[in-house]
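**Student:** PDB, C-alpha atoms, file structure36.pdb:
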ATOM      1  CA  MET A  22      14.129 -12.422   1.096
ATOM      2  CA  MET A  23      11.394 -13.784  -1.120
ATOM      3  CA  HIS A  24       9.247 -11.405  -3.133
ATOM      4  CA  ILE A  25       6.053 -12.092  -5.056
ATOM      5  CA  THR A  26       7.699 -10.685  -8.204
ATOM      6  CA  ASP A  27       9.928 -13.785  -8.115
ATOM      7  CA  PHE A  28       6.877 -15.799  -9.202
ATOM      8  CA  ASP A  29       4.563 -15.860 -12.206
ATOM      9  CA  PHE A  30       1.173 -14.190 -11.730
ATOM     10  CA  VAL A  31      -1.636 -16.184 -13.356
ATOM     11  CA  GLN A  32      -5.412 -15.748 -13.474
ATOM     12  CA  LEU A  33      -7.067 -19.115 -12.859
ATOM     13  CA  THR A  34      -9.300 -20.234 -15.731
ATOM     14  CA  LYS A  35     -11.030 -23.522 -16.530
ATOM     15  CA  ASP A  36      -7.968 -24.471 -18.603
ATOM     16  CA  THR A  37      -5.318 -23.565 -16.020
ATOM     17  CA  PRO A  38      -3.570 -26.697 -14.775
ATOM     18  CA  LEU A  39      -3.719 -26.898 -10.999
ATOM     19  CA  LEU A  40      -0.196 -27.419  -9.784
ATOM     20  CA  PRO A  41       0.433 -28.714  -6.248
ATOM     21  CA  PHE A  42      -0.506 -26.409  -3.359
ATOM     22  CA  VAL A  43      -0.654 -27.068   0.366
ATOM     23  CA  SER A  44      -1.282 -24.399   2.985
ATOM     24  CA  GLU A  45      -1.781 -24.867   6.713
ATOM     25  CA  ASP A  46      -5.566 -24.519   6.274
ATOM     26  CA  GLU A  47      -7.498 -27.416   4.756
ATOM     27  CA  ASP A  48     -10.475 -25.177   3.882
ATOM     28  CA  LEU A  49      -8.205 -22.939   1.781
ATOM     29  CA  ASN A  50      -6.622 -25.984   0.111
ATOM     30  CA  ASN A  51     -10.070 -27.387  -0.714
ATOM     31  CA  PHE A  52     -11.334 -24.101  -2.128
ATOM     32  CA  LEU A  53      -8.515 -24.000  -4.653
ATOM     33  CA  THR A  54      -8.823 -27.623  -5.744
ATOM     34  CA  GLU A  55     -12.613 -28.033  -5.569
ATOM     35  CA  ASP A  56     -14.308 -24.638  -5.925
ATOM     36  CA  ALA A  57     -12.155 -21.892  -7.454
ATOM     37  CA  LYS A  58     -12.731 -22.833 -11.101
ATOM     38  CA  ASN A  59     -16.496 -23.162 -10.526
ATOM     39  CA  TYR A  60     -16.644 -19.753  -8.804
ATOM     40  CA  SER A  61     -14.894 -18.274 -11.830
ATOM     41  CA  ALA A  62     -17.153 -20.043 -14.336
ATOM     42  CA  ASP A  63     -20.241 -18.831 -12.454
ATOM     43  CA  LEU A  64     -18.860 -15.235 -12.261
ATOM     44  CA  MET A  65     -18.830 -15.376  -8.448
ATOM     45  CA  ALA A  66     -15.104 -14.790  -7.808
ATOM     46  CA  VAL A  67     -11.856 -14.609  -9.736
ATOM     47  CA  THR A  68      -8.830 -16.466  -8.404
ATOM     48  CA  TYR A  69      -5.247 -15.447  -9.065
ATOM     49  CA  LEU A  70      -2.172 -17.604  -8.518
ATOM     50  CA  PHE A  71       1.483 -16.953  -7.825
ATOM     51  CA  VAL A  72       3.360 -19.861  -9.400
ATOM     52  CA  ASP A  73       6.925 -21.065  -8.941
ATOM     53  CA  LYS A  74       7.560 -22.384 -12.460
ATOM     54  CA  GLU A  75      10.900 -23.899 -11.482
ATOM     55  CA  LYS A  76       9.374 -26.014  -8.702
ATOM     56  CA  GLN A  77       6.100 -26.494 -10.611
ATOM     57  CA  GLN A  78       3.930 -25.499  -7.669
ATOM     58  CA  ILE A  79       1.541 -22.786  -6.570
ATOM     59  CA  VAL A  80       3.163 -20.489  -4.016
ATOM     60  CA  ALA A  81       0.028 -18.566  -3.032
ATOM     61  CA  TYR A  82      -3.372 -17.567  -4.301
ATOM     62  CA  PHE A  83      -6.149 -15.089  -3.684
ATOM     63  CA  SER A  84      -9.730 -14.705  -4.858
ATOM     64  CA  LEU A  85     -11.565 -11.424  -5.380
ATOM     65  CA  LEU A  86     -15.251 -10.678  -5.668
ATOM     66  CA  ASN A  87     -17.516  -7.633  -5.561
ATOM     67  CA  ASP A  88     -18.870  -6.488  -2.243
ATOM     68  CA  LYS A  89     -20.398  -3.458  -0.565
ATOM     69  CA  MET A  90     -20.079  -1.946   2.846
ATOM     70  CA  ALA A  91     -23.585  -1.129   4.053
ATOM     71  CA  TYR A  92     -24.949   0.900   6.933
ATOM     72  CA  ASP A  93     -25.988  -1.079   9.987
ATOM     73  CA  PRO A  94     -27.975   1.023  12.499
ATOM     74  CA  ARG A  95     -26.655  -1.167  15.336
ATOM     75  CA  GLU A  96     -23.123   0.086  14.544
ATOM     76  CA  ARG A  97     -23.773   3.808  14.185
ATOM     77  CA  SER A  98     -20.399   4.901  15.652
ATOM     78  CA  ILE A  99     -18.413   2.714  13.253
ATOM     79  CA  TRP A 100     -20.506   3.912  10.297
ATOM     80  CA  ASN A 101     -19.962   7.542  11.347
ATOM     81  CA  ARG A 102     -16.200   6.898  11.346
ATOM     82  CA  ILE A 103     -16.427   5.422   7.836
ATOM     83  CA  ASN A 104     -18.654   8.254   6.602
ATOM     84  CA  ARG A 105     -16.104  10.830   7.753
ATOM     85  CA  LEU A 106     -13.732   9.347   5.157
ATOM     86  CA  ILE A 107     -16.146  10.381   2.390
ATOM     87  CA  PRO A 108     -16.922  13.998   1.336
ATOM     88  CA  ASN A 109     -20.390  15.103   2.554
ATOM     89  CA  GLN A 110     -21.968  15.320  -0.891
ATOM     90  CA  LYS A 111     -20.943  11.715  -1.675
ATOM     91  CA  ARG A 112     -22.032  10.033   1.564
ATOM     92  CA  ARG A 113     -24.360   7.078   1.078
ATOM     93  CA  ARG A 114     -25.868   4.121   2.927
ATOM     94  CA  SER A 115     -23.431   1.772   1.165
ATOM     95  CA  TYR A 116     -20.056   1.995  -0.565
ATOM     96  CA  PRO A 117     -18.575  -0.093  -3.375
ATOM     97  CA  SER A 118     -15.987  -2.595  -2.249
ATOM     98  CA  ALA A 119     -13.973  -5.556  -3.397
ATOM     99  CA  LYS A 120     -13.710  -8.580  -1.136
ATOM    100  CA  ILE A 121     -10.819 -10.915  -0.619
ATOM    101  CA  GLY A 122     -12.750 -14.168  -0.723
ATOM    102  CA  ARG A 123      -9.709 -16.326  -0.020
ATOM    103  CA  LEU A 124      -5.997 -15.685   0.488
ATOM    104  CA  ALA A 125      -3.538 -18.488   1.137
ATOM    105  CA  VAL A 126       0.219 -18.960   1.125
ATOM    106  CA  GLY A 127       1.730 -22.413   0.727
ATOM    107  CA  GLN A 128       3.361 -24.008   3.783
ATOM    108  CA  GLU A 129       6.814 -23.883   2.221
ATOM    109  CA  TYR A 130       6.479 -20.114   1.724
ATOM    110  CA  ALA A 131       4.652 -19.192   4.934
ATOM    111  CA  ARG A 132       5.992 -16.595   7.357
ATOM    112  CA  CYS A 133       8.264 -14.999   4.737
ATOM    113  CA  GLY A 134       6.191 -11.844   4.311
ATOM    114  CA  LEU A 135       4.444 -13.019   1.150
ATOM    115  CA  GLY A 136       0.951 -12.585   2.637
ATOM    116  CA  SER A 137       1.560  -8.896   3.344
ATOM    117  CA  GLN A 138       3.096  -8.462  -0.102
ATOM    118  CA  ILE A 139      -0.027 -10.011  -1.614
ATOM    119  CA  ILE A 140      -2.268  -7.619   0.337
ATOM    120  CA  GLU A 141      -0.297  -4.667  -1.032
ATOM    121  CA  PHE A 142      -0.395  -6.228  -4.511
ATOM    122  CA  ILE A 143      -4.203  -6.518  -4.309
ATOM    123  CA  GLU A 144      -4.528  -2.907  -3.168
ATOM    124  CA  ALA A 145      -2.375  -1.716  -6.083
ATOM    125  CA  PHE A 146      -4.203  -4.065  -8.467
ATOM    126  CA  LEU A 147      -7.515  -2.424  -7.550
ATOM    127  CA  VAL A 148      -6.411   1.231  -7.724
ATOM    128  CA  LYS A 149      -3.753   1.438 -10.455
ATOM    129  CA  ASN A 150      -5.981   0.420 -13.353
ATOM    130  CA  PRO A 151      -9.539   0.309 -11.995
ATOM    131  CA  LYS A 152     -12.249  -1.429 -13.983
ATOM    132  CA  LEU A 153     -15.036  -0.225 -11.663
ATOM    133  CA  GLY A 154     -15.526   1.970  -8.628
ATOM    134  CA  CYS A 155     -14.166   0.400  -5.467
ATOM    135  CA  ARG A 156     -13.492   2.483  -2.367
ATOM    136  CA  PHE A 157     -12.875  -0.273   0.183
ATOM    137  CA  LEU A 158     -11.259  -3.688   0.332
ATOM    138  CA  THR A 159     -13.083  -6.084   2.662
ATOM    139  CA  VAL A 160     -12.437  -9.520   4.058
ATOM    140  CA  ASP A 161     -14.277 -11.973   6.279
ATOM    141  CA  ALA A 162     -11.132 -12.849   8.189
ATOM    142  CA  TYR A 163     -10.873 -16.065  10.116
ATOM    143  CA  ALA A 164     -10.522 -15.171  13.798
ATOM    144  CA  ALA A 165      -6.991 -16.600  13.750
ATOM    145  CA  ALA A 166      -6.056 -14.274  10.848
ATOM    146  CA  THR A 167      -7.357 -10.977  12.252
ATOM    147  CA  ASP A 168      -3.927 -10.022  13.648
ATOM    148  CA  PHE A 169      -2.451 -10.467  10.156
ATOM    149  CA  TYR A 170      -5.063  -8.150   8.636
ATOM    150  CA  ARG A 171      -4.701  -5.605  11.470
ATOM    151  CA  LYS A 172      -0.950  -5.603  10.810
ATOM    152  CA  ASN A 173      -1.846  -4.746   7.200
ATOM    153  CA  ASP A 174      -4.006  -1.760   8.274
ATOM    154  CA  PHE A 175      -7.442  -3.374   8.074
ATOM    155  CA  GLU A 176     -10.067  -2.187  10.565
ATOM    156  CA  TYR A 177     -12.999  -4.052  12.090
ATOM    157  CA  PHE A 178     -16.283  -3.130  10.412
ATOM    158  CA  THR A 179     -18.410  -4.265  13.316
ATOM    159  CA  MET A 180     -18.072  -5.352  16.901
ATOM    160  CA  LEU A 181     -21.139  -7.590  16.617
ATOM    161  CA  ASP A 182     -19.045 -10.464  15.234
ATOM    162  CA  THR A 183     -16.386 -10.619  17.970
ATOM    163  CA  LEU A 184     -17.380 -14.176  18.921
ATOM    164  CA  ASP A 185     -17.910 -15.416  15.355
ATOM    165  CA  LYS A 186     -15.652 -17.719  13.355
ATOM    166  CA  THR A 187     -14.903 -14.819  10.986
ATOM    167  CA  ARG A 188     -14.643 -11.042  11.446
ATOM    168  CA  LEU A 189     -15.649  -8.513   8.805
ATOM    169  CA  MET A 190     -12.739  -6.134   8.234
ATOM    170  CA  TYR A 191     -12.054  -3.334   5.768
ATOM    171  CA  PHE A 192      -9.248  -1.246   4.283
ATOM    172  CA  ASP A 193      -9.811   2.223   2.783
ATOM    173  CA  LEU A 194      -8.204   2.244  -0.681
ATOM    174  CA  LYS A 195      -8.300   6.049  -1.142
ATOM    175  CA  PRO A 196      -5.304   6.920   1.103
ATOM    176  CA  PHE A 197      -3.393   4.048  -0.531
ATOM    177  CA  LYS A 198      -4.200   5.487  -3.979
ATOM    178  CA  ASP A 199      -3.141   8.974  -2.841
ATOM    179  CA  LYS A 200       0.220   7.613  -1.625
ATOM    180  CA  LEU A 201       0.791   5.809  -4.925
ATOM    181  CA  GLU A 202       0.067   8.989  -6.854
ATOM    182  CA  GLN A 203       2.481  10.962  -4.651
ATOM    183  CA  GLY A 204       5.153   8.302  -5.094
ATOM    184  CA  ILE A 205       5.368   7.574  -1.370
TER     185      ILE A 205
END
Here is a file; write its structure as structure tokens.

**Tutor:**
Amino acid sequence: MMHITDFDFVQLTKDTPLLPFVSEDEDLNNFLTEDAKNYSADLMAVTYLFVDKEKQQIVAYFSLLNDKMAYDPRERSIWNRINRLIPNQKRRRSYPSAKIGRLAVGQEYARCGLGSQIIEFIEAFLVKNPKLGCRFLTVDAYAAATDFYRKNDFEYFTMLDTLDKTRLMYFDLKPFKDKLEQGI
């Protein structure tokens, strides 16, 4: 079985050579080749690569950016469920979050469990050595990818986007952090 630790982990910079990468989604391919370096230069998102040095190709990548989960009065029941995760004295109208802007696995490496490993890697990346407060991990998941995110314990943030091209989903990082600290 393949594991992401088999590959080099690299933060994309303006000087990082872009090795070959092809996923099943042209939009994700185009983001990496046309936009990722500009997003980084403009402080909009940071992209990270998993690289197979032996084959000289990018195995997978993901981009992270800041986000917030904010109260929407049209979704009171969902917000109440989220608020119950937070102690009373710390409840707010919005919570700090990090967003997965893009996540893609190359065609050659697809359906080997790498996507789920990357999700867990991102969660650990955010909680093991935090640089800023971040309670939730969010994603605007393509409708075709919502099952993947549900399988990785993401919840829908709203039901108002059920017919949209993307669905806003979230993952609570606190229980994940607690499990890491307990060694589970």

**Student:** Which residues come within 8 Å of region 138-142 of chain A, counting all atoms listed in the file, excluding same-chain residues fewer than 2 positions away, as a count of residues only?

**Tutor:** 9

**Student:** Met190 (chain A): which residues within 6 Å, counting all atoms listed in the file, same-chain residues fewer than 5 positions away excluded, as a ChimeraX atom specification?

**Tutor:** /A:159-160,175-178

**Student:** One number please: CA of Asp63 (chain A) to CA of Phe157 (chain A), in Å, one decimal.

**Tutor:**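 Computing the Euclidean distance for CA of Asp63 (chain A) and CA of Phe157 (chain A) yields 23.6 Å.
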
**Student:** Go through the shown structure with the PyMOL selection byres ((chain A and resi 196) around 12) and write out the matching residues as JSON, numbers by chain.

**Tutor:** {"A": [106, 107, 144, 145, 148, 156, 157, 174, 192, 193, 194, 195, 197, 198, 199, 200, 201, 202, 203, 205]}

**Student:** Output the selection as a short mmCIF file (atom, residue, chain, number, x, y, z; two decimals), in the frame of the given file - C-alpha atoms for each residue.

**Tutor:**
data_model
loop_
_atom_site.label_atom_id
_atom_site.label_comp_id
_atom_site.auth_asym_id
_atom_site.auth_seq_id
_atom_site.Cartn_x
_atom_site.Cartn_y
_atom_site.Cartn_z
CA LEU A 106 -13.73 9.35 5.16
CA ILE A 107 -16.15 10.38 2.39
CA GLU A 144 -4.53 -2.91 -3.17
CA ALA A 145 -2.38 -1.72 -6.08
CA VAL A 148 -6.41 1.23 -7.72
CA ARG A 156 -13.49 2.48 -2.37
CA PHE A 157 -12.88 -0.27 0.18
CA ASP A 174 -4.01 -1.76 8.27
CA PHE A 192 -9.25 -1.25 4.28
CA ASP A 193 -9.81 2.22 2.78
CA LEU A 194 -8.20 2.24 -0.68
CA LYS A 195 -8.30 6.05 -1.14
CA PHE A 197 -3.39 4.05 -0.53
CA LYS A 198 -4.20 5.49 -3.98
CA ASP A 199 -3.14 8.97 -2.84
CA LYS A 200 0.22 7.61 -1.62
CA LEU A 201 0.79 5.81 -4.92
CA GLU A 202 0.07 8.99 -6.85
CA GLN A 203 2.48 10.96 -4.65
CA ILE A 205 5.37 7.57 -1.37
#

**Student:** Quick check on the file I pasted: which residues fall under the PyMOL selection byres ((chain A and resi 131) around 12)? Write them as a PyMOL selection string.

**Tutor:** chain A and resi 23+43-46+80-81+125-130+132-138

**Student:** Give me a file of those residues, with C-alpha atoms, as a short mmCIF file (atom, residue, chain, number, x, y, z; two decimals), in the frame of the given file.

**Tutor:**
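The new file part_4.cif reads:
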data_model
loop_
_atom_site.label_atom_id
_atom_site.label_comp_id
_atom_site.auth_asym_id
_atom_site.auth_seq_id
_atom_site.Cartn_x
_atom_site.Cartn_y
_atom_site.Cartn_z
CA MET A 23 11.39 -13.78 -1.12
CA VAL A 43 -0.65 -27.07 0.37
CA SER A 44 -1.28 -24.40 2.98
CA GLU A 45 -1.78 -24.87 6.71
CA ASP A 46 -5.57 -24.52 6.27
CA VAL A 80 3.16 -20.49 -4.02
CA ALA A 81 0.03 -18.57 -3.03
CA ALA A 125 -3.54 -18.49 1.14
CA VAL A 126 0.22 -18.96 1.12
CA GLY A 127 1.73 -22.41 0.73
CA GLN A 128 3.36 -24.01 3.78
CA GLU A 129 6.81 -23.88 2.22
CA TYR A 130 6.48 -20.11 1.72
CA ARG A 132 5.99 -16.60 7.36
CA CYS A 133 8.26 -15.00 4.74
CA GLY A 134 6.19 -11.84 4.31
CA LEU A 135 4.44 -13.02 1.15
CA GLY A 136 0.95 -12.58 2.64
CA SER A 137 1.56 -8.90 3.34
CA GLN A 138 3.10 -8.46 -0.10
#

**Student:** Separation of CA of Thr179 (chain A) and CA of Asn87 (chain A), in Å?

**Tutor:**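 These atoms are spaced 19.2 Å apart.
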
**Student:** Would you compute the distance between CA of Thr54 (chain A) and CA of Phe71 (chain A)? Give it in Å to one decimal.

**Tutor:**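 CA of Phe71 (chain A) lies 15.0 Å from CA of Thr54 (chain A).
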
**Student:** Might I get the box with edges along x, y and z of the file that holds all atoms of region 151-170 of chain A listed there, padded by 5 Å on every side, given as centre and edge lengths in Å to one decimal, as AutoDock Vina command-line options?

**Tutor:**
--center_x -9.0 --center_y -7.1 --center_z -0.1 --size_x 23.1 --size_y 29.1 --size_z 37.8

**Student:** Can you spell out as a ChimeraX atom specification the set of residues that the PyMOL selection byres ((chain A and resi 118) around 8) selects in the structure I just provided?

**Tutor:** /A:87-90,116-117,119-120,154-159

**Student:** Using only C-alpha atoms, can you tell me which of A:Leu53, A:Asn101, A:Ala164, A:Ala62 comes closest to Lys35 (chain A)?

**Tutor:** A:Ala62

**Student:** Calculated over all atoms listed in the file, which of the candidates A:Leu181, A:Leu147, A:Lys74, A:Asp29 has the smallest distance to Pro94 (chain A)?

**Tutor:** A:Leu181

**Student:** From the list A:Leu39, A:Ala162, A:Leu184, A:Ile143, which residue is nearest Asp56 (chain A) when using all atoms listed in the file?

**Tutor:**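 Closest candidate: A:Leu39.
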
**Student:** So which residues touch Val67 (chain A) within 12 Å, counting all atoms listed in the file, skipping near sequence neighbours fewer than 3 positions away, as a PyMOL selection string?

**Tutor:** chain A and resi 31-35+53+56-64+70+82-87+119-124

**Student:** Since the input is missing atoms, can you rebuild N, CA, C and O atoms for region 56-78 of chain A and write them as a PDB file, in the coordinates of the input?

**Tutor:**
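So part-v1.pdb came out as:
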ATOM      1  N   ASP A  56     -13.310 -25.679  -5.687  1.00  0.00           N
ATOM      2  CA  ASP A  56     -14.308 -24.638  -5.925  1.00  0.00           C
ATOM      3  C   ASP A  56     -13.871 -23.480  -6.805  1.00  0.00           C
ATOM      4  O   ASP A  56     -14.709 -22.849  -7.442  1.00  0.00           O
ATOM      5  N   ALA A  57     -12.608 -23.132  -6.815  1.00  0.00           N
ATOM      6  CA  ALA A  57     -12.155 -21.892  -7.454  1.00  0.00           C
ATOM      7  C   ALA A  57     -12.546 -21.791  -8.927  1.00  0.00           C
ATOM      8  O   ALA A  57     -13.022 -20.746  -9.376  1.00  0.00           O
ATOM      9  N   LYS A  58     -12.375 -22.872  -9.676  1.00  0.00           N
ATOM     10  CA  LYS A  58     -12.731 -22.833 -11.101  1.00  0.00           C
ATOM     11  C   LYS A  58     -14.242 -22.667 -11.288  1.00  0.00           C
ATOM     12  O   LYS A  58     -14.682 -21.957 -12.188  1.00  0.00           O
ATOM     13  N   ASN A  59     -15.036 -23.302 -10.446  1.00  0.00           N
ATOM     14  CA  ASN A  59     -16.496 -23.162 -10.526  1.00  0.00           C
ATOM     15  C   ASN A  59     -16.939 -21.742 -10.175  1.00  0.00           C
ATOM     16  O   ASN A  59     -17.844 -21.204 -10.807  1.00  0.00           O
ATOM     17  N   TYR A  60     -16.321 -21.136  -9.160  1.00  0.00           N
ATOM     18  CA  TYR A  60     -16.644 -19.753  -8.804  1.00  0.00           C
ATOM     19  C   TYR A  60     -16.358 -18.838  -9.986  1.00  0.00           C
ATOM     20  O   TYR A  60     -17.132 -17.926 -10.280  1.00  0.00           O
ATOM     21  N   SER A  61     -15.251 -19.076 -10.662  1.00  0.00           N
ATOM     22  CA  SER A  61     -14.894 -18.274 -11.830  1.00  0.00           C
ATOM     23  C   SER A  61     -15.898 -18.486 -12.962  1.00  0.00           C
ATOM     24  O   SER A  61     -16.395 -17.522 -13.549  1.00  0.00           O
ATOM     25  N   ALA A  62     -16.218 -19.724 -13.257  1.00  0.00           N
ATOM     26  CA  ALA A  62     -17.153 -20.043 -14.336  1.00  0.00           C
ATOM     27  C   ALA A  62     -18.534 -19.444 -14.082  1.00  0.00           C
ATOM     28  O   ALA A  62     -19.221 -19.014 -15.017  1.00  0.00           O
ATOM     29  N   ASP A  63     -18.936 -19.371 -12.817  1.00  0.00           N
ATOM     30  CA  ASP A  63     -20.241 -18.831 -12.454  1.00  0.00           C
ATOM     31  C   ASP A  63     -20.197 -17.323 -12.164  1.00  0.00           C
ATOM     32  O   ASP A  63     -21.177 -16.760 -11.662  1.00  0.00           O
ATOM     33  N   LEU A  64     -19.050 -16.678 -12.451  1.00  0.00           N
ATOM     34  CA  LEU A  64     -18.860 -15.235 -12.261  1.00  0.00           C
ATOM     35  C   LEU A  64     -19.058 -14.804 -10.814  1.00  0.00           C
ATOM     36  O   LEU A  64     -19.532 -13.695 -10.536  1.00  0.00           O
ATOM     37  N   MET A  65     -18.675 -15.666  -9.874  1.00  0.00           N
ATOM     38  CA  MET A  65     -18.830 -15.376  -8.448  1.00  0.00           C
ATOM     39  C   MET A  65     -17.549 -14.829  -7.814  1.00  0.00           C
ATOM     40  O   MET A  65     -17.615 -14.053  -6.869  1.00  0.00           O
ATOM     41  N   ALA A  66     -16.397 -15.259  -8.306  1.00  0.00           N
ATOM     42  CA  ALA A  66     -15.104 -14.790  -7.808  1.00  0.00           C
ATOM     43  C   ALA A  66     -14.046 -15.140  -8.843  1.00  0.00           C
ATOM     44  O   ALA A  66     -14.195 -16.105  -9.594  1.00  0.00           O
ATOM     45  N   VAL A  67     -12.988 -14.351  -8.852  1.00  0.00           N
ATOM     46  CA  VAL A  67     -11.856 -14.609  -9.736  1.00  0.00           C
ATOM     47  C   VAL A  67     -10.663 -14.941  -8.858  1.00  0.00           C
ATOM     48  O   VAL A  67     -10.385 -14.234  -7.878  1.00  0.00           O
ATOM     49  N   THR A  68      -9.980 -16.024  -9.186  1.00  0.00           N
ATOM     50  CA  THR A  68      -8.830 -16.466  -8.404  1.00  0.00           C
ATOM     51  C   THR A  68      -7.554 -16.218  -9.195  1.00  0.00           C
ATOM     52  O   THR A  68      -7.500 -16.463 -10.399  1.00  0.00           O
ATOM     53  N   TYR A  69      -6.548 -15.736  -8.478  1.00  0.00           N
ATOM     54  CA  TYR A  69      -5.247 -15.447  -9.065  1.00  0.00           C
ATOM     55  C   TYR A  69      -4.190 -16.260  -8.323  1.00  0.00           C
ATOM     56  O   TYR A  69      -4.260 -16.417  -7.101  1.00  0.00           O
ATOM     57  N   LEU A  70      -3.217 -16.746  -9.073  1.00  0.00           N
ATOM     58  CA  LEU A  70      -2.172 -17.604  -8.518  1.00  0.00           C
ATOM     59  C   LEU A  70      -0.799 -16.949  -8.649  1.00  0.00           C
ATOM     60  O   LEU A  70      -0.531 -16.251  -9.634  1.00  0.00           O
ATOM     61  N   PHE A  71       0.059 -17.223  -7.697  1.00  0.00           N
ATOM     62  CA  PHE A  71       1.483 -16.953  -7.825  1.00  0.00           C
ATOM     63  C   PHE A  71       2.133 -18.319  -7.952  1.00  0.00           C
ATOM     64  O   PHE A  71       1.965 -19.180  -7.072  1.00  0.00           O
ATOM     65  N   VAL A  72       2.851 -18.538  -9.059  1.00  0.00           N
ATOM     66  CA  VAL A  72       3.360 -19.861  -9.400  1.00  0.00           C
ATOM     67  C   VAL A  72       4.882 -19.844  -9.465  1.00  0.00           C
ATOM     68  O   VAL A  72       5.476 -18.966 -10.100  1.00  0.00           O
ATOM     69  N   ASP A  73       5.486 -20.827  -8.822  1.00  0.00           N
ATOM     70  CA  ASP A  73       6.925 -21.065  -8.941  1.00  0.00           C
ATOM     71  C   ASP A  73       7.099 -22.056 -10.083  1.00  0.00           C
ATOM     72  O   ASP A  73       6.891 -23.255  -9.914  1.00  0.00           O
ATOM     73  N   LYS A  74       7.441 -21.533 -11.259  1.00  0.00           N
ATOM     74  CA  LYS A  74       7.560 -22.384 -12.460  1.00  0.00           C
ATOM     75  C   LYS A  74       8.675 -23.413 -12.302  1.00  0.00           C
ATOM     76  O   LYS A  74       8.558 -24.545 -12.751  1.00  0.00           O
ATOM     77  N   GLU A  75       9.756 -22.997 -11.655  1.00  0.00           N
ATOM     78  CA  GLU A  75      10.900 -23.899 -11.482  1.00  0.00           C
ATOM     79  C   GLU A  75      10.524 -25.122 -10.663  1.00  0.00           C
ATOM     80  O   GLU A  75      10.863 -26.250 -11.007  1.00  0.00           O
ATOM     81  N   LYS A  76       9.787 -24.906  -9.566  1.00  0.00           N
ATOM     82  CA  LYS A  76       9.374 -26.014  -8.702  1.00  0.00           C
ATOM     83  C   LYS A  76       8.048 -26.627  -9.138  1.00  0.00           C
ATOM     84  O   LYS A  76       7.592 -27.601  -8.541  1.00  0.00           O
ATOM     85  N   GLN A  77       7.396 -26.012 -10.129  1.00  0.00           N
ATOM     86  CA  GLN A  77       6.100 -26.494 -10.611  1.00  0.00           C
ATOM     87  C   GLN A  77       5.089 -26.625  -9.471  1.00  0.00           C
ATOM     88  O   GLN A  77       4.483 -27.674  -9.260  1.00  0.00           O
ATOM     89  N   GLN A  78       4.918 -25.510  -8.739  1.00  0.00           N
ATOM     90  CA  GLN A  78       3.930 -25.499  -7.669  1.00  0.00           C
ATOM     91  C   GLN A  78       3.359 -24.099  -7.478  1.00  0.00           C
ATOM     92  O   GLN A  78       3.980 -23.105  -7.858  1.00  0.00           O
TER      93      GLN A  78
END
